[in-house]
$ cat my_file.cif   # mmCIF, C-alpha atoms and all ligand atoms
data_model
#
loop_
_atom_site.group_PDB
_atom_site.id
_atom_site.type_symbol
_atom_site.label_atom_id
_atom_site.label_comp_id
_atom_site.auth_asym_id
_atom_site.auth_seq_id
_atom_site.Cartn_x
_atom_site.Cartn_y
_atom_site.Cartn_z
ATOM 1 C CA MET E 1 53.443 95.430 91.864
ATOM 2 C CA ASP E 2 54.163 95.080 95.505
ATOM 3 C CA ALA E 3 51.277 93.236 97.064
ATOM 4 C CA ARG E 4 49.830 90.795 99.525
ATOM 5 C CA LYS E 5 46.659 88.787 99.058
ATOM 6 C CA THR E 6 44.980 87.066 101.960
ATOM 7 C CA TYR E 7 41.828 84.971 101.729
ATOM 8 C CA GLN E 8 39.766 84.756 104.892
ATOM 9 C CA LEU E 9 38.169 81.338 105.207
ATOM 10 C CA GLY E 10 38.125 80.750 108.941
ATOM 11 C CA GLU E 11 41.924 80.551 108.895
ATOM 12 C CA PRO E 12 43.517 83.303 106.814
ATOM 13 C CA VAL E 13 45.317 81.990 103.711
ATOM 14 C CA HIS E 14 48.192 84.158 102.533
ATOM 15 C CA ALA E 15 47.889 83.321 98.844
ATOM 16 C CA LEU E 16 50.467 85.981 98.094
ATOM 17 C CA ASP E 17 52.650 86.886 101.010
ATOM 18 C CA GLY E 18 54.330 90.134 99.994
ATOM 19 C CA VAL E 19 55.327 89.742 96.364
ATOM 20 C CA SER E 20 57.156 92.536 94.620
ATOM 21 C CA VAL E 21 57.547 92.267 90.874
ATOM 22 C CA ASP E 22 57.848 94.491 87.859
ATOM 23 C CA VAL E 23 56.663 93.473 84.396
ATOM 24 C CA PRO E 24 58.383 95.792 81.915
ATOM 25 C CA ARG E 25 56.747 96.547 78.615
ATOM 26 C CA GLY E 26 57.838 94.112 75.930
ATOM 27 C CA SER E 27 59.025 91.489 78.420
ATOM 28 C CA TYR E 28 58.096 87.804 78.412
ATOM 29 C CA THR E 29 57.778 86.253 81.861
ATOM 30 C CA ALA E 30 57.018 82.685 82.902
ATOM 31 C CA VAL E 31 55.655 81.888 86.363
ATOM 32 C CA MET E 32 56.360 78.474 87.887
ATOM 33 C CA GLY E 33 55.672 76.932 91.263
ATOM 34 C CA PRO E 34 53.848 74.054 92.914
ATOM 35 C CA SER E 35 50.071 73.910 93.052
ATOM 36 C CA GLY E 36 48.777 76.408 95.601
ATOM 37 C CA SER E 37 51.899 78.574 95.493
ATOM 38 C CA GLY E 38 49.937 81.635 94.334
ATOM 39 C CA LYS E 39 50.426 81.612 90.550
ATOM 40 C CA SER E 40 46.789 82.215 89.643
ATOM 41 C CA THR E 41 46.414 84.782 92.423
ATOM 42 C CA LEU E 42 49.385 86.665 90.997
ATOM 43 C CA MET E 43 47.896 86.551 87.480
ATOM 44 C CA ASN E 44 44.535 87.772 88.770
ATOM 45 C CA LEU E 45 46.179 90.755 90.452
ATOM 46 C CA VAL E 46 48.335 91.665 87.467
ATOM 47 C CA GLY E 47 45.288 91.221 85.210
ATOM 48 C CA CYS E 48 42.995 93.468 87.304
ATOM 49 C CA LEU E 49 40.607 90.599 87.992
ATOM 50 C CA ASP E 50 41.203 91.084 91.696
ATOM 51 C CA THR E 51 42.609 93.636 94.123
ATOM 52 C CA PRO E 52 45.344 93.087 96.717
ATOM 53 C CA THR E 53 44.541 92.881 100.433
ATOM 54 C CA SER E 54 47.446 95.252 100.973
ATOM 55 C CA GLY E 55 50.139 96.803 98.839
ATOM 56 C CA SER E 56 49.538 98.042 95.337
ATOM 57 C CA VAL E 57 49.324 96.955 91.731
ATOM 58 C CA PHE E 58 50.063 99.467 88.992
ATOM 59 C CA VAL E 59 49.090 98.843 85.395
ATOM 60 C CA ASP E 60 50.236 101.478 82.947
ATOM 61 C CA GLY E 61 50.969 103.768 85.859
ATOM 62 C CA ALA E 62 47.461 103.513 87.344
ATOM 63 C CA ASP E 63 46.899 102.046 90.823
ATOM 64 C CA VAL E 64 44.440 99.190 90.372
ATOM 65 C CA GLY E 65 43.755 98.967 94.111
ATOM 66 C CA ALA E 66 42.486 102.551 94.159
ATOM 67 C CA MET E 67 39.922 101.923 91.408
ATOM 68 C CA ASN E 68 36.299 100.950 91.883
ATOM 69 C CA ASP E 69 34.973 97.801 90.186
ATOM 70 C CA ARG E 70 33.772 99.715 87.181
ATOM 71 C CA GLU E 71 37.117 101.404 86.567
ATOM 72 C CA ARG E 72 38.986 98.180 87.104
ATOM 73 C CA THR E 73 36.733 96.376 84.613
ATOM 74 C CA ARG E 74 37.377 99.109 82.076
ATOM 75 C CA VAL E 75 41.169 98.941 82.520
ATOM 76 C CA ARG E 76 41.033 95.167 82.225
ATOM 77 C CA GLY E 77 38.967 95.374 79.065
ATOM 78 C CA GLU E 78 41.251 97.910 77.458
ATOM 79 C CA LYS E 79 44.676 96.756 78.499
ATOM 80 C CA VAL E 80 44.628 93.094 79.442
ATOM 81 C CA GLY E 81 44.087 89.939 77.421
ATOM 82 C CA PHE E 82 43.468 86.909 79.621
ATOM 83 C CA VAL E 83 43.784 83.296 78.438
ATOM 84 C CA PHE E 84 42.256 80.953 80.992
ATOM 85 C CA GLN E 85 43.227 77.358 81.482
ATOM 86 C CA THR E 86 39.686 76.256 80.689
ATOM 87 C CA PHE E 87 39.285 78.564 77.651
ATOM 88 C CA ASN E 88 35.924 79.998 78.897
ATOM 89 C CA LEU E 89 34.382 80.219 75.431
ATOM 90 C CA MET E 90 30.656 80.850 74.961
ATOM 91 C CA PRO E 91 29.248 77.512 73.729
ATOM 92 C CA ARG E 92 26.424 79.004 71.653
ATOM 93 C CA LEU E 93 28.609 81.460 69.787
ATOM 94 C CA THR E 94 30.766 80.651 66.776
ATOM 95 C CA ALA E 95 34.538 81.093 66.852
ATOM 96 C CA VAL E 96 34.370 84.486 65.183
ATOM 97 C CA GLU E 97 31.565 85.644 67.504
ATOM 98 C CA ASN E 98 33.534 84.532 70.567
ATOM 99 C CA VAL E 99 36.592 86.459 69.421
ATOM 100 C CA ALA E 100 34.504 89.549 68.576
ATOM 101 C CA LEU E 101 32.777 89.592 71.960
ATOM 102 C CA PRO E 102 35.231 91.899 73.798
ATOM 103 C CA LEU E 103 34.688 94.479 71.053
ATOM 104 C CA VAL E 104 30.928 94.569 71.693
ATOM 105 C CA PHE E 105 31.617 96.217 75.032
ATOM 106 C CA ARG E 106 33.795 98.798 73.359
ATOM 107 C CA GLY E 107 31.148 99.971 70.961
ATOM 108 C CA VAL E 108 32.886 98.733 67.801
ATOM 109 C CA SER E 109 30.464 98.372 64.859
ATOM 110 C CA LYS E 110 29.308 94.931 63.855
ATOM 111 C CA ASP E 111 31.133 94.845 60.538
ATOM 112 C CA GLU E 112 34.376 96.000 62.054
ATOM 113 C CA ARG E 113 34.057 93.485 64.892
ATOM 114 C CA HIS E 114 33.662 90.669 62.407
ATOM 115 C CA GLU E 115 36.541 91.879 60.306
ATOM 116 C CA ARG E 116 38.942 92.206 63.231
ATOM 117 C CA ALA E 117 37.900 88.885 64.757
ATOM 118 C CA ALA E 118 38.271 87.088 61.424
ATOM 119 C CA SER E 119 41.709 88.538 60.796
ATOM 120 C CA ILE E 120 43.013 87.561 64.228
ATOM 121 C CA LEU E 121 41.599 84.042 63.801
ATOM 122 C CA GLU E 122 43.480 83.830 60.526
ATOM 123 C CA ARG E 123 46.558 84.922 62.413
ATOM 124 C CA VAL E 124 46.256 81.938 64.785
ATOM 125 C CA GLY E 125 45.635 79.567 61.878
ATOM 126 C CA LEU E 126 41.850 79.257 62.177
ATOM 127 C CA GLY E 127 40.756 81.263 59.147
ATOM 128 C CA ASP E 128 38.835 78.215 57.915
ATOM 129 C CA ARG E 129 36.965 77.688 61.200
ATOM 130 C CA LEU E 130 35.243 81.045 61.685
ATOM 131 C CA GLU E 131 31.696 79.706 61.847
ATOM 132 C CA HIS E 132 32.418 76.645 63.977
ATOM 133 C CA ALA E 133 31.020 76.413 67.499
ATOM 134 C CA PRO E 134 33.472 75.506 70.295
ATOM 135 C CA ASN E 135 32.171 71.906 70.455
ATOM 136 C CA GLU E 136 33.018 71.536 66.760
ATOM 137 C CA LEU E 137 36.657 72.375 67.444
ATOM 138 C CA SER E 138 39.527 70.375 68.917
ATOM 139 C CA GLY E 139 41.087 71.343 72.258
ATOM 140 C CA GLY E 140 43.988 73.033 70.534
ATOM 141 C CA GLN E 141 41.685 74.959 68.224
ATOM 142 C CA ARG E 142 39.590 76.121 71.177
ATOM 143 C CA GLN E 143 42.727 77.294 72.894
ATOM 144 C CA ARG E 144 43.648 79.273 69.799
ATOM 145 C CA VAL E 145 40.164 80.839 69.740
ATOM 146 C CA ALA E 146 40.691 81.831 73.396
ATOM 147 C CA ILE E 147 44.055 83.369 72.516
ATOM 148 C CA ALA E 148 42.532 85.209 69.554
ATOM 149 C CA ARG E 149 39.834 86.588 71.849
ATOM 150 C CA ALA E 150 42.504 87.744 74.302
ATOM 151 C CA LEU E 151 44.349 89.516 71.481
ATOM 152 C CA VAL E 152 41.431 91.163 69.676
ATOM 153 C CA ASN E 153 41.633 94.334 71.779
ATOM 154 C CA ASP E 154 45.339 94.648 71.076
ATOM 155 C CA PRO E 155 46.023 94.469 74.814
ATOM 156 C CA ALA E 156 49.091 95.993 76.451
ATOM 157 C CA LEU E 157 49.485 92.810 78.453
ATOM 158 C CA LEU E 158 48.716 89.188 77.551
ATOM 159 C CA LEU E 159 48.269 86.843 80.521
ATOM 160 C CA ALA E 160 48.022 83.095 79.998
ATOM 161 C CA ASP E 161 47.400 80.575 82.790
ATOM 162 C CA GLU E 162 48.879 77.273 81.572
ATOM 163 C CA PRO E 163 48.142 77.976 77.912
ATOM 164 C CA THR E 164 49.623 74.680 76.745
ATOM 165 C CA GLY E 165 48.545 72.543 79.711
ATOM 166 C CA ASN E 166 45.625 70.891 77.940
ATOM 167 C CA LEU E 167 47.170 70.604 74.496
ATOM 168 C CA ASP E 168 48.995 67.919 72.564
ATOM 169 C CA SER E 169 52.668 68.718 72.060
ATOM 170 C CA GLU E 170 52.360 69.839 68.446
ATOM 171 C CA THR E 171 49.540 72.291 69.140
ATOM 172 C CA GLY E 172 51.377 73.469 72.241
ATOM 173 C CA ALA E 173 54.451 74.157 70.116
ATOM 174 C CA ASN E 174 52.335 76.216 67.695
ATOM 175 C CA ILE E 175 50.965 78.316 70.553
ATOM 176 C CA LEU E 176 54.489 78.919 71.860
ATOM 177 C CA ASP E 177 55.631 79.945 68.369
ATOM 178 C CA LEU E 178 52.740 82.394 68.285
ATOM 179 C CA PHE E 179 53.846 83.816 71.654
ATOM 180 C CA ASP E 180 57.386 84.221 70.277
ATOM 181 C CA GLU E 181 55.952 86.233 67.383
ATOM 182 C CA LEU E 182 53.884 88.378 69.739
ATOM 183 C CA LYS E 183 56.952 89.006 71.844
ATOM 184 C CA ALA E 184 58.968 89.953 68.738
ATOM 185 C CA GLU E 185 56.241 92.471 67.883
ATOM 186 C CA GLY E 186 56.751 94.154 71.245
ATOM 187 C CA ASN E 187 53.863 92.651 73.216
ATOM 188 C CA THR E 188 54.148 91.978 76.954
ATOM 189 C CA LEU E 189 53.461 88.395 78.018
ATOM 190 C CA VAL E 190 53.124 86.592 81.335
ATOM 191 C CA MET E 191 52.457 82.851 81.291
ATOM 192 C CA VAL E 192 52.001 80.264 84.013
ATOM 193 C CA THR E 193 53.402 76.843 83.237
ATOM 194 C CA HIS E 194 54.446 73.639 84.981
ATOM 195 C CA GLU E 195 56.852 72.689 82.240
ATOM 196 C CA ARG E 196 60.451 73.764 82.400
ATOM 197 C CA ASP E 197 61.015 73.691 78.628
ATOM 198 C CA VAL E 198 57.921 75.856 78.095
ATOM 199 C CA ALA E 199 59.077 78.347 80.737
ATOM 200 C CA GLU E 200 62.461 78.600 79.057
ATOM 201 C CA ARG E 201 60.828 80.209 76.038
ATOM 202 C CA ALA E 202 60.382 83.330 78.189
ATOM 203 C CA ASP E 203 63.030 85.925 79.135
ATOM 204 C CA ARG E 204 62.812 85.073 82.796
ATOM 205 C CA ILE E 205 61.131 82.667 85.177
ATOM 206 C CA ILE E 206 59.527 83.777 88.435
ATOM 207 C CA HIS E 207 59.585 80.844 90.855
ATOM 208 C CA LEU E 208 56.812 81.073 93.440
ATOM 209 C CA LEU E 209 56.739 79.075 96.656
ATOM 210 C CA ASP E 210 54.145 79.456 99.427
ATOM 211 C CA GLY E 211 52.991 82.831 98.168
ATOM 212 C CA LYS E 212 56.494 84.264 97.951
ATOM 213 C CA ILE E 213 58.986 84.759 95.169
ATOM 214 C CA GLU E 214 61.608 82.118 95.747
ATOM 215 C CA ARG E 215 63.812 83.464 92.966
ATOM 216 C CA ILE E 216 63.717 85.133 89.585
ATOM 217 C CA GLU E 217 65.769 83.353 86.982
ATOM 218 C CA ALA E 218 66.952 84.962 83.753
ATOM 219 C CA VAL E 219 66.820 82.686 80.709
ATOM 220 C CA GLY E 220 67.429 82.870 76.973
ATOM 221 C CA ASP E 221 69.103 85.671 75.123
ATOM 222 C CA LEU E 222 68.161 88.324 77.657
ATOM 223 C CA GLU E 223 70.573 86.852 80.135
ATOM 224 C CA GLY E 224 72.866 89.552 81.419
ATOM 225 C CA ARG E 225 70.406 92.268 80.458
ATOM 226 C CA GLN E 226 67.960 91.306 83.190
ATOM 227 C CA HIS E 227 69.891 93.345 85.726
ATOM 228 C CA ASP E 228 68.588 96.415 84.028
ATOM 229 C CA ASP E 229 64.970 95.759 83.204
ATOM 230 C CA GLU E 230 64.228 99.401 82.638
ATOM 231 C CA SER E 231 66.867 100.052 80.042
ATOM 232 C CA ALA E 232 66.023 96.764 78.335
ATOM 233 C CA ALA E 233 62.382 97.792 78.239
ATOM 234 C CA SER E 234 63.096 101.208 76.818
ATOM 235 C CA GLU E 235 65.427 99.702 74.226
ATOM 236 C CA ARG E 236 62.680 97.395 73.115
ATOM 237 C CA GLU E 237 60.151 100.161 73.266
ATOM 238 C CA GLY E 238 62.376 102.211 70.991
ATOM 239 C CA ALA E 239 62.767 99.286 68.621
ATOM 240 C CA ARG E 240 59.032 98.916 68.474
ATOM 241 C CA GLY E 241 58.699 102.466 67.377
ATOM 242 C CA ASP E 242 55.040 103.136 68.055
ATOM 243 C CA GLY E 243 55.637 105.055 71.281
ATOM 244 C CA GLY E 244 52.047 104.660 72.373
ATOM 245 C CA ALA E 245 50.242 106.692 74.991
ATOM 246 C CA GLY E 246 51.723 106.273 78.427
ATOM 247 C CA GLY E 247 53.713 103.334 79.706
ATOM 248 C CA ARG E 248 52.530 99.829 79.276
ATOM 249 C CA ASP E 249 54.266 98.472 82.318
ATOM 250 C CA ALA E 250 52.392 96.375 84.776
ATOM 251 C CA ASP E 251 53.931 96.986 88.120
ATOM 252 C CA VAL E 252 52.723 94.855 90.953
ATOM 253 C CA GLY E 253 54.045 95.163 94.450
ATOM 254 C CA GLY E 254 53.474 93.949 98.031
ATOM 255 C CA ASP E 255 53.619 95.638 101.343
ATOM 256 C CA GLY E 256 57.315 95.191 101.740
ATOM 257 C CA SER E 257 58.308 92.697 104.407
HETATM 258 N N1 LIG E 301 39.069 82.450 96.169
HETATM 259 C C1 LIG E 301 39.836 81.874 97.103
HETATM 260 N N2 LIG E 301 39.408 81.763 98.369
HETATM 261 C C2 LIG E 301 40.176 81.213 99.327
HETATM 262 N N3 LIG E 301 41.415 80.726 99.122
HETATM 263 C C3 LIG E 301 41.901 80.791 97.865
HETATM 264 C C4 LIG E 301 41.155 81.371 96.794
HETATM 265 N N4 LIG E 301 41.903 81.316 95.675
HETATM 266 C C5 LIG E 301 43.056 80.729 96.020
HETATM 267 N N5 LIG E 301 43.075 80.420 97.340
HETATM 268 C C6 LIG E 301 44.195 79.803 98.073
HETATM 269 O O1 LIG E 301 45.331 80.615 97.856
HETATM 270 C C7 LIG E 301 46.481 79.806 97.623
HETATM 271 C C8 LIG E 301 47.076 80.121 96.260
HETATM 272 O O2 LIG E 301 46.169 79.702 95.257
HETATM 273 P P1 LIG E 301 46.455 79.862 93.694
HETATM 274 O O3 LIG E 301 46.910 81.243 93.430
HETATM 275 O O4 LIG E 301 45.251 79.402 92.954
HETATM 276 O O5 LIG E 301 47.661 78.844 93.475
HETATM 277 P P2 LIG E 301 48.234 78.190 92.137
HETATM 278 O O6 LIG E 301 47.614 78.870 90.964
HETATM 279 O O7 LIG E 301 49.722 78.408 92.234
HETATM 280 O O8 LIG E 301 47.913 76.745 92.207
HETATM 281 C C9 LIG E 301 46.038 78.373 97.770
HETATM 282 O O9 LIG E 301 46.316 77.969 99.096
HETATM 283 C C10 LIG E 301 44.560 78.435 97.524
HETATM 284 O O10 LIG E 301 43.910 77.416 98.203
HETATM 285 MG MG MG E 302 46.458 78.094 89.353
#
$ encode --input "my_file.cif" --output "structure tokens"
Amino acid sequence: MDARKTYQLGEPVHALDGVSVDVPRGSYTAVMGPSGSGKSTLMNLVGCLDTPTSGSVFVDGADVGAMNDRERTRVRGEKVGFVFQTFNLMPRLTAVENVALPLVFRGVSKDERHERAASILERVGLGDRLEHAPNELSGGQRQRVAIARALVNDPALLLADEPTGNLDSETGANILDLFDELKAEGNTLVMVTHERDVAERADRIIHLLDGKIERIEAVGDLEGRQHDDESAASEREGARGDGGAGGRDADVGGDGS
């Protein structure tokens, strides 16, 4: 993506002031920065929840800015899993119904919805909580339901805005272990965090400041390979072996400057 996002509230606010970033398929990116630096705005653009004021955002090769709301909603539903800081679960639905919800909009049959939702809840360690309502679950369990819901469509891209921010350290560690597994399976992850040790679980850290990328820091075992994102991505793509239809890169860019 190469994009700029300006909010007009009397004074214009440049929430993202010309940010150019590439999210290769299979990569794991952390986003850090002070409050108000544009982290959520960046996630909303990459996740097709919003469109840039100028510049462009490409997801899987398609220009999100050129789509109408309906198309953008469809791309989001098919390709993006979003984990919000506040979970956003439906209070009257059980865990398994919450997780199955995205499949309703895709015309998946009721039995299959239940089956897929139950299996992904098992995956996140909640196989024994399928019929619990959100208010019958702990904060960490709710977060895992939200992650299961984000994963149920098998999204090309998983976005998480402070996924461990509201969790005790043990539950947070479990979520991060789950992300490691997802990464090892070839999924693409972008996560916002305030915690340095959490960010270091990713391949690289994008540091935002005042709506700009201050620097991109390579961490972990990808160090030294970061110079060549594309070859690293295709290596991993090859290792994953499913090929898939079209690229799964999210490519977000600003208007230069
Ligand atoms: N919907 C909005 N309308 C107006 N200004 C907004 C809106 N969303 C965010 N902003 C402003 O854009 C800037 C970046 O916000 P945000 O991306 O939420 O930062 P962060 O997630 O890093 O805390 C802030 O100055 C914020 O006040
Ligand atoms: Mg935010």
$ closest_atom_pairs --input "my_file.cif" --of "chain E" --to "ligand MG 302 (chain E)" --cutoff "12 Å" --atoms "all atoms listed in the file" --output "CSV"
residue,atom,partner,partner_atom,distance
E:Ala15,CA,E:MG302,MG,10.9
E:Val31,CA,E:MG302,MG,10.4
E:Met32,CA,E:MG302,MG,10.0
E:Gly33,CA,E:MG302,MG,9.5
E:Pro34,CA,E:MG302,MG,9.1
E:Ser35,CA,E:MG302,MG,6.7
E:Gly36,CA,E:MG302,MG,6.9
E:Ser37,CA,E:MG302,MG,8.2
E:Gly38,CA,E:MG302,MG,7.0
E:Lys39,CA,E:MG302,MG,5.4
E:Ser40,CA,E:MG302,MG,4.1
E:Thr41,CA,E:MG302,MG,7.4
E:Leu42,CA,E:MG302,MG,9.2
E:Met43,CA,E:MG302,MG,8.8
E:Asn44,CA,E:MG302,MG,9.9
E:Phe84,CA,E:MG302,MG,9.8
E:Gln85,CA,E:MG302,MG,8.5
E:Thr86,CA,E:MG302,MG,11.1
E:Ala160,CA,E:MG302,MG,10.7
E:Asp161,CA,E:MG302,MG,7.1
E:Glu162,CA,E:MG302,MG,8.2
E:Pro163,CA,E:MG302,MG,11.6
E:Gly165,CA,E:MG302,MG,11.3
E:Met191,CA,E:MG302,MG,11.1
E:Val192,CA,E:MG302,MG,8.0
E:Thr193,CA,E:MG302,MG,9.3
E:His194,CA,E:MG302,MG,10.1
E:Leu208,CA,E:MG302,MG,11.5
E:Gly211,CA,E:MG302,MG,12.0
$ write_last_selection --input "my_file.cif" --atoms "C-alpha atoms" --output "PDB file, in the frame of the given file"
ATOM      1  CA  ALA E  15      47.889  83.321  98.844  1.00  0.00           C
ATOM      2  CA  VAL E  31      55.655  81.888  86.363  1.00  0.00           C
ATOM      3  CA  MET E  32      56.360  78.474  87.887  1.00  0.00           C
ATOM      4  CA  GLY E  33      55.672  76.932  91.263  1.00  0.00           C
ATOM      5  CA  PRO E  34      53.848  74.054  92.914  1.00  0.00           C
ATOM      6  CA  SER E  35      50.071  73.910  93.052  1.00  0.00           C
ATOM      7  CA  GLY E  36      48.777  76.408  95.601  1.00  0.00           C
ATOM      8  CA  SER E  37      51.899  78.574  95.493  1.00  0.00           C
ATOM      9  CA  GLY E  38      49.937  81.635  94.334  1.00  0.00           C
ATOM     10  CA  LYS E  39      50.426  81.612  90.550  1.00  0.00           C
ATOM     11  CA  SER E  40      46.789  82.215  89.643  1.00  0.00           C
ATOM     12  CA  THR E  41      46.414  84.782  92.423  1.00  0.00           C
ATOM     13  CA  LEU E  42      49.385  86.665  90.997  1.00  0.00           C
ATOM     14  CA  MET E  43      47.896  86.551  87.480  1.00  0.00           C
ATOM     15  CA  ASN E  44      44.535  87.772  88.770  1.00  0.00           C
ATOM     16  CA  PHE E  84      42.256  80.953  80.992  1.00  0.00           C
ATOM     17  CA  GLN E  85      43.227  77.358  81.482  1.00  0.00           C
ATOM     18  CA  THR E  86      39.686  76.256  80.689  1.00  0.00           C
ATOM     19  CA  ALA E 160      48.022  83.095  79.998  1.00  0.00           C
ATOM     20  CA  ASP E 161      47.400  80.575  82.790  1.00  0.00           C
ATOM     21  CA  GLU E 162      48.879  77.273  81.572  1.00  0.00           C
ATOM     22  CA  PRO E 163      48.142  77.976  77.912  1.00  0.00           C
ATOM     23  CA  GLY E 165      48.545  72.543  79.711  1.00  0.00           C
ATOM     24  CA  MET E 191      52.457  82.851  81.291  1.00  0.00           C
ATOM     25  CA  VAL E 192      52.001  80.264  84.013  1.00  0.00           C
ATOM     26  CA  THR E 193      53.402  76.843  83.237  1.00  0.00           C
ATOM     27  CA  HIS E 194      54.446  73.639  84.981  1.00  0.00           C
ATOM     28  CA  LEU E 208      56.812  81.073  93.440  1.00  0.00           C
ATOM     29  CA  GLY E 211      52.991  82.831  98.168  1.00  0.00           C
TER      30      GLY E 211
END
$ closest_residue --input "my_file.cif" --among "E:Asp203, E:Asp22, E:Asp63, E:Asp50" --to "ligand LIG 301 (chain E)" --atoms "only C-alpha atoms and all ligand atoms"
E:Asp50
$ atom_distance --input "my_file.cif" --atom1 "CA of Lys5 in chain E" --atom2 "CA of Leu45 in chain E"
8.8 Å
$ resolve_selection --input "my_file.cif" --expression "the PyMOL selection byres (((chain E and resi 158) around 7) and not hetatm)" --output "PDB file with C-alpha atoms, in the frame of the given file"
ATOM      1  CA  VAL E  80      44.628  93.094  79.442  1.00  0.00           C
ATOM      2  CA  GLY E  81      44.087  89.939  77.421  1.00  0.00           C
ATOM      3  CA  PHE E  82      43.468  86.909  79.621  1.00  0.00           C
ATOM      4  CA  PRO E 155      46.023  94.469  74.814  1.00  0.00           C
ATOM      5  CA  ALA E 156      49.091  95.993  76.451  1.00  0.00           C
ATOM      6  CA  LEU E 157      49.485  92.810  78.453  1.00  0.00           C
ATOM      7  CA  LEU E 159      48.269  86.843  80.521  1.00  0.00           C
ATOM      8  CA  ALA E 160      48.022  83.095  79.998  1.00  0.00           C
ATOM      9  CA  THR E 188      54.148  91.978  76.954  1.00  0.00           C
ATOM     10  CA  LEU E 189      53.461  88.395  78.018  1.00  0.00           C
ATOM     11  CA  VAL E 190      53.124  86.592  81.335  1.00  0.00           C
TER      12      VAL E 190
END
$ resolve_selection --input "my_file.cif" --expression "the PyMOL selection byres (((chain E and resi 135-143) around 8) and not hetatm)" --output "list of chain:residue names"
E:Phe87, E:Leu89, E:Pro91, E:Leu126, E:His132, E:Ala133, E:Pro134, E:Arg144, E:Val145, E:Ala146, E:Ile147, E:Pro163, E:Asn166, E:Leu167, E:Asp168, E:Thr171, E:Gly172
$ axis_aligned_box --input "my_file.cif" --around "ligand LIG 301 (chain E)" --padding-each-side "8 Å" --output "AutoDock Vina command-line options"
--center_x 44.4 --center_y 79.6 --center_z 95.1 --size_x 26.7 --size_y 21.7 --size_z 24.4
$ closest_residue --input "my_file.cif" --among "E:Leu209, E:Ala218, E:Val198, E:Ala173" --to "ligand LIG 301 (chain E)" --atoms "all atoms listed in the file"
E:Leu209
$ atom_distance --input "my_file.cif" --atom1 "CA of Arg149 in chain E" --atom2 "CA of Gly220 in chain E"
28.3 Å
$ resolve_selection --input "my_file.cif" --expression "the PyMOL selection byres (((chain E and resi 182) around 12) and not hetatm)" --output "MDAnalysis selection string"
chainID E and resid 26:28 123:124 147:148 151 154:158 175:181 183:190 202 240
$ closest_residue --input "my_file.cif" --among "E:Met1, E:Ser20, E:Leu49, E:Ser56" --to "ligand LIG 301 (chain E)" --atoms "all atoms listed in the file"
E:Leu49
$ atom_distance --input "my_file.cif" --atom1 "CA of Val57 in chain E" --atom2 "CA of Arg72 in chain E"
11.4 Å
$ closest_residue --input "my_file.cif" --among "E:Ile213, E:Val104, E:Val21, E:Val59" --to "ligand LIG 301 (chain E)" --atoms "all atoms listed in the file"
E:Ile213
